[in-house]
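Enquirer: Here you go, one structure.
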Amino acid sequence: MKIAVFSAALALLTGLSPAWAEAIDIRFTLGWKTQGSDAPFLLALSKGYFAEEGLTVTIDQGEGSAATVTRIMGGAYDAGFGDINAIIQNAAQRPGEAPVMVYQLWNRPPFAIVTPKTSGIETPADFVGRKLGGAQGTPTTRLFPVFAELNGIDLASVAQENMAPNLQEPMLIRGDIDGAFVFTITSWFNLIANRQDPANDYNWFKFEDYGMDLYSNGLMVSRALLADNPEAVAGLVRAVNRATLEIAKDQDAAMEAVMAFDNLVDQDNERARLNFALTNLMNAPETDRIGMGDLVDERLTRSIEIVAKGYGLERLPEASEIFDRSFLPPVGERAFAVEIMN
């Protein structure tokens with residue numbers, strides 16, 4: 001009995017859960033249908049990293065990275081993979097109810113305007129007199145007025161057409177629109193699926209290159225989980241951090257986990273999407289300095305101001321309402337190095 005009590009106490013002190021302790025159930029939502037970029041969570045599940053933390057994690061597919069926030073706020077899920085900018089919007093309107101980001105994965109945002117090189121659009125000034133299309137309500141579309149202001153574009157001089165997300169690339173290819181408001185990690189592969197060459201035949205006006213210093217997707221948790229079981233949040237973060245560092249160096253293991261979760265995905269396509277996320281969204285100079293999972297408060301404050309302007313928010317949340325770094329492992333345990341395997 002003394003040995004058992006000592007073991008339990010030692011496990012609590014070291015952040016580990018004894019095998020015989022009751023597991024904590026975590027309901028987790030992805031940002032969309034199963035994709036290679038979900039590998040950190042799926043690897044942590046398949047390799048038992050969540051279980052080692054005393055967590056029983058059930059993962060469901062999502063309905064969009066912004067919907068992750070509303071799913072968690074509605075109580076259906078405890079945690080998920082979603083967009084920090086959606087947290088900002090909801091925190092501004094419903095203080096104390098929005099989820100909190102606890103592990104930032106996409107240091108760089110996927111928001112961009114894509115144009116065919118044949119359109120002759122080479123700079124933001126070339127958008128004048130052109131027609132751009134996008135899905136109403138997406139961050140890229142909603143934040144374009146801020147993009148225009150920062151880059152000296154008269155918004156009235158640019159025609160904008162609302163359309164379903166699945167029509168953007170086909171209309172762009174047909175020439176019905178001159179550019180599309182997109183997520184790079186989605187549109188790049190939609191163009192490939194339409195037999196296009198996104199690297200050589202298209203220009204990508206990434207918001208991050210034009211004054212839009214935004215963060216994007218990461219691991220977020222409900223306020224109820226934060227308040228009621230911070231130990232579970234810490235375990236969740238440790239498991240995701242462990243898996244994130246692993247997939248950066250071993251994409252074979254990453255894709256095994258993705259296929260184990262959903263064997264209907266296109267393995268080659270999703271491996272390419274994982275590599276895109278690793279190199280274009282996660283691998284950033286800032287991450288080299290502060291480690292994977294963290295962010296810079298001053299930059300987050302600037303991004304809150306950008307989102308507030310784009311969405312017409314009356315209240316600007318504090319950075320501390322949006323992100324909580326207290327569950328992060330030491331920076332030395334979050335060193336992120338990408339090695340793309342052939």
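Chain labels follow the order of the structure tokens: the first chain is A, the next B, and so on; residue numbering restarts at 1 in every chain, and ligands are counted from 1 in their shown order.
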Can you tell me which residues surround Val102 of chain A at a distance of at most 6 Å, considering only C-alpha atoms, apart from same-chain residues fewer than 4 positions away, and format the answer as an MDAnalysis selection string?

Expert: chainID A and resid 219:220 323:325

Enquirer: Could you give me, as a Markdown table, a per-residue list for segment 27-139 of chain A showing, wherever an atom lies at most 8 Å from an atom of segment 276-289 of chain A, the closest pair of atoms and their distance in Å to one decimal, using only C-alpha atoms and sorting by chain then residue number from low to high?

Expert:
| residue | atom | partner | partner_atom | distance |
| --- | --- | --- | --- | --- |
| A:Ser37 | CA | A:Ala277 | CA | 6.2 |
| A:Leu105 | CA | A:Met282 | CA | 6.1 |
| A:Trp106 | CA | A:Met282 | CA | 4.8 |
| A:Asn107 | CA | A:Met282 | CA | 5.4 |
| A:Arg108 | CA | A:Leu281 | CA | 4.7 |
| A:Pro109 | CA | A:Leu281 | CA | 6.5 |
| A:Pro110 | CA | A:Leu281 | CA | 7.0 |

Enquirer: Please save N, CA and C atoms of the selected residues as an mmCIF file, in the first residue's frame.

Expert:
data_model
loop_
_atom_site.group_PDB
_atom_site.id
_atom_site.type_symbol
_atom_site.label_atom_id
_atom_site.label_comp_id
_atom_site.auth_asym_id
_atom_site.auth_seq_id
_atom_site.Cartn_x
_atom_site.Cartn_y
_atom_site.Cartn_z
ATOM 1 N N SER A 37 -1.999 17.374 -42.370
ATOM 2 C CA SER A 37 -1.622 18.381 -41.379
ATOM 3 C C SER A 37 -2.190 18.101 -39.996
ATOM 4 N N LEU A 105 0.549 25.953 -33.321
ATOM 5 C CA LEU A 105 1.207 25.093 -34.303
ATOM 6 C C LEU A 105 1.572 25.847 -35.580
ATOM 7 N N TRP A 106 0.623 26.612 -36.132
ATOM 8 C CA TRP A 106 0.878 27.342 -37.371
ATOM 9 C C TRP A 106 1.301 28.761 -37.012
ATOM 10 N N ASN A 107 2.611 28.974 -36.974
ATOM 11 C CA ASN A 107 3.147 30.288 -36.648
ATOM 12 C C ASN A 107 2.880 31.285 -37.759
ATOM 13 N N ARG A 108 2.718 30.784 -38.970
ATOM 14 C CA ARG A 108 2.476 31.638 -40.137
ATOM 15 C C ARG A 108 1.079 31.338 -40.693
ATOM 16 N N PRO A 109 0.329 32.362 -41.105
ATOM 17 C CA PRO A 109 -1.052 32.143 -41.538
ATOM 18 C C PRO A 109 -1.138 31.638 -42.971
ATOM 19 N N PRO A 110 -2.184 30.870 -43.303
ATOM 20 C CA PRO A 110 -2.365 30.372 -44.666
ATOM 21 C C PRO A 110 -3.168 31.314 -45.555
#

Enquirer: Compile a residue-level contact table for segment 288-336 of chain A against segment 242-259 of chain A at a cut-off of 10 Å, reporting for every qualifying residue the shortest atom pair and its distance in Å to one decimal, with only C-alpha atoms counted, rows ordered by chain and ascending number, as JSON lines.

Expert:
{"residue": "A:Met292", "atom": "CA", "partner": "A:Leu245", "partner_atom": "CA", "distance": 8.4}
{"residue": "A:Gly293", "atom": "CA", "partner": "A:Thr244", "partner_atom": "CA", "distance": 9.4}
{"residue": "A:Pro329", "atom": "CA", "partner": "A:Arg242", "partner_atom": "CA", "distance": 9.9}
{"residue": "A:Glu333", "atom": "CA", "partner": "A:Arg242", "partner_atom": "CA", "distance": 8.6}
{"residue": "A:Arg334", "atom": "CA", "partner": "A:Leu245", "partner_atom": "CA", "distance": 7.4}
{"residue": "A:Ala335", "atom": "CA", "partner": "A:Leu245", "partner_atom": "CA", "distance": 7.6}
{"residue": "A:Phe336", "atom": "CA", "partner": "A:Leu245", "partner_atom": "CA", "distance": 6.0}

Enquirer: Next, write the just-selected residues to a file, as a PDB file, in the first residue's frame, keeping N, CA and C atoms as the atom set.

Expert:
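Printed below is again_14.pdb as written:
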ATOM      1  N   MET A 292       8.569  25.577 -30.603  1.00  0.00           N
ATOM      2  CA  MET A 292       7.245  25.245 -31.101  1.00  0.00           C
ATOM      3  C   MET A 292       6.213  25.362 -29.982  1.00  0.00           C
ATOM      4  N   GLY A 293       5.034  25.851 -30.330  1.00  0.00           N
ATOM      5  CA  GLY A 293       3.938  25.926 -29.376  1.00  0.00           C
ATOM      6  C   GLY A 293       3.733  27.275 -28.742  1.00  0.00           C
ATOM      7  N   PRO A 329       5.844  22.776 -22.170  1.00  0.00           N
ATOM      8  CA  PRO A 329       7.096  22.231 -21.629  1.00  0.00           C
ATOM      9  C   PRO A 329       8.206  23.280 -21.774  1.00  0.00           C
ATOM     10  N   GLU A 333      12.640  21.596 -24.667  1.00  0.00           N
ATOM     11  CA  GLU A 333      11.899  20.399 -25.051  1.00  0.00           C
ATOM     12  C   GLU A 333      10.957  20.667 -26.216  1.00  0.00           C
ATOM     13  N   ARG A 334      11.045  21.889 -26.773  1.00  0.00           N
ATOM     14  CA  ARG A 334      10.159  22.251 -27.889  1.00  0.00           C
ATOM     15  C   ARG A 334      10.948  22.719 -29.107  1.00  0.00           C
ATOM     16  N   ALA A 335      12.220  22.334 -29.178  1.00  0.00           N
ATOM     17  CA  ALA A 335      13.050  22.718 -30.324  1.00  0.00           C
ATOM     18  C   ALA A 335      12.538  22.024 -31.578  1.00  0.00           C
ATOM     19  N   PHE A 336      12.198  22.807 -32.596  1.00  0.00           N
ATOM     20  CA  PHE A 336      11.525  22.293 -33.778  1.00  0.00           C
ATOM     21  C   PHE A 336      12.475  22.337 -34.972  1.00  0.00           C
TER      22      PHE A 336
END

Enquirer: What is the atom CA of Phe81 of chain A to atom CA of Thr68 of chain A distance in Å?

Expert: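 Taking atom CA of Phe81 of chain A and atom CA of Thr68 of chain A, their separation equals 6.7 Å.
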
Enquirer: Could you give me, as a PyMOL selection string, the residues within 12 Å of Ser222 of chain A, counting only C-alpha atoms and dropping anything in the same chain fewer than 3 positions from it?

Expert: chain A and resi 26-29+68-81+87+96-102+219+225-230+232-233+322-324

Enquirer: Segment 199-317 of chain A near segment 162-184 of chain A within 12 Å: what's each residue's closest atom pair and its distance in Å to one decimal, counting only C-alpha atoms, ordered by chain then ascending residue number, as a tab-separated table?

Expert:
residue	atom	partner	partner_atom	distance
A:Ala199	CA	A:Thr184	CA	11.4
A:Asp201	CA	A:Ile173	CA	10.7
A:Tyr202	CA	A:Gly179	CA	9.8
A:Asn203	CA	A:Gly179	CA	9.4
A:Trp204	CA	A:Thr184	CA	8.2
A:Phe205	CA	A:Phe181	CA	9.6
A:Lys206	CA	A:Thr184	CA	8.2
A:Phe207	CA	A:Phe183	CA	10.3
A:Glu208	CA	A:Thr184	CA	11.8
A:Ser216	CA	A:Phe183	CA	10.8
A:Asn217	CA	A:Phe183	CA	11.8
A:Arg273	CA	A:Thr184	CA	10.2
A:Phe276	CA	A:Thr184	CA	9.2
A:Ala277	CA	A:Thr184	CA	9.6
A:Asn280	CA	A:Thr184	CA	9.2
A:Leu281	CA	A:Thr184	CA	9.5

Enquirer: Keeping C-alpha atoms, export the residues of the selection given above as a PDB file, in the first residue's frame.

Expert:
ATOM      1  CA  ALA A 199       4.278  26.814 -58.016  1.00  0.00           C
ATOM      2  CA  ASP A 201       1.793  29.231 -62.994  1.00  0.00           C
ATOM      3  CA  TYR A 202       0.352  31.218 -60.083  1.00  0.00           C
ATOM      4  CA  ASN A 203       1.314  34.161 -57.880  1.00  0.00           C
ATOM      5  CA  TRP A 204       0.580  33.944 -54.169  1.00  0.00           C
ATOM      6  CA  PHE A 205       0.031  37.187 -52.278  1.00  0.00           C
ATOM      7  CA  LYS A 206       0.482  35.868 -48.762  1.00  0.00           C
ATOM      8  CA  PHE A 207      -1.013  38.164 -46.156  1.00  0.00           C
ATOM      9  CA  GLU A 208       2.014  37.715 -43.900  1.00  0.00           C
ATOM     10  CA  SER A 216      -3.297  30.754 -37.276  1.00  0.00           C
ATOM     11  CA  ASN A 217      -4.102  27.187 -36.201  1.00  0.00           C
ATOM     12  CA  ARG A 273      -0.001  18.604 -47.538  1.00  0.00           C
ATOM     13  CA  PHE A 276       3.507  21.976 -46.972  1.00  0.00           C
ATOM     14  CA  ALA A 277       2.349  22.666 -43.410  1.00  0.00           C
ATOM     15  CA  ASN A 280       5.267  26.908 -44.990  1.00  0.00           C
ATOM     16  CA  LEU A 281       3.207  27.301 -41.816  1.00  0.00           C
TER      17      LEU A 281
END

Enquirer: Produce a table with one row for each residue of segment 98-167 of chain A that has an atom at most 12 Å from any atom of segment 296-307 of chain A, each row naming the nearest atom pair and its distance in Å at one decimal; use only C-alpha atoms; arrange rows by chain and rising residue number; format as JSON lines.

Expert:
{"residue": "A:Met101", "atom": "CA", "partner": "A:Leu300", "partner_atom": "CA", "distance": 11.6}
{"residue": "A:Gln104", "atom": "CA", "partner": "A:Val296", "partner_atom": "CA", "distance": 10.5}
{"residue": "A:Asn107", "atom": "CA", "partner": "A:Val296", "partner_atom": "CA", "distance": 10.0}
{"residue": "A:Arg108", "atom": "CA", "partner": "A:Arg299", "partner_atom": "CA", "distance": 11.7}
{"residue": "A:Pro109", "atom": "CA", "partner": "A:Ser303", "partner_atom": "CA", "distance": 11.0}
{"residue": "A:Thr138", "atom": "CA", "partner": "A:Val307", "partner_atom": "CA", "distance": 11.9}
{"residue": "A:Pro139", "atom": "CA", "partner": "A:Val307", "partner_atom": "CA", "distance": 8.6}
{"residue": "A:Thr140", "atom": "CA", "partner": "A:Val307", "partner_atom": "CA", "distance": 10.7}
{"residue": "A:Thr141", "atom": "CA", "partner": "A:Val307", "partner_atom": "CA", "distance": 11.8}
{"residue": "A:Arg142", "atom": "CA", "partner": "A:Val307", "partner_atom": "CA", "distance": 8.9}
{"residue": "A:Leu143", "atom": "CA", "partner": "A:Val307", "partner_atom": "CA", "distance": 7.1}
{"residue": "A:Phe144", "atom": "CA", "partner": "A:Ile306", "partner_atom": "CA", "distance": 10.6}
{"residue": "A:Pro145", "atom": "CA", "partner": "A:Ile306", "partner_atom": "CA", "distance": 10.3}
{"residue": "A:Val146", "atom": "CA", "partner": "A:Ile306", "partner_atom": "CA", "distance": 7.1}
{"residue": "A:Phe147", "atom": "CA", "partner": "A:Ile306", "partner_atom": "CA", "distance": 9.3}
{"residue": "A:Glu149", "atom": "CA", "partner": "A:Ile306", "partner_atom": "CA", "distance": 11.1}
{"residue": "A:Leu150", "atom": "CA", "partner": "A:Ile306", "partner_atom": "CA", "distance": 10.4}

Enquirer: For the atom pair atom CA of Arg130 of chain A and atom CA of Ser187 of chain A, what is the interatomic distance in Å to one decimal place?

Expert: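 Taking atom CA of Arg130 of chain A and atom CA of Ser187 of chain A, their separation equals 19.8 Å.
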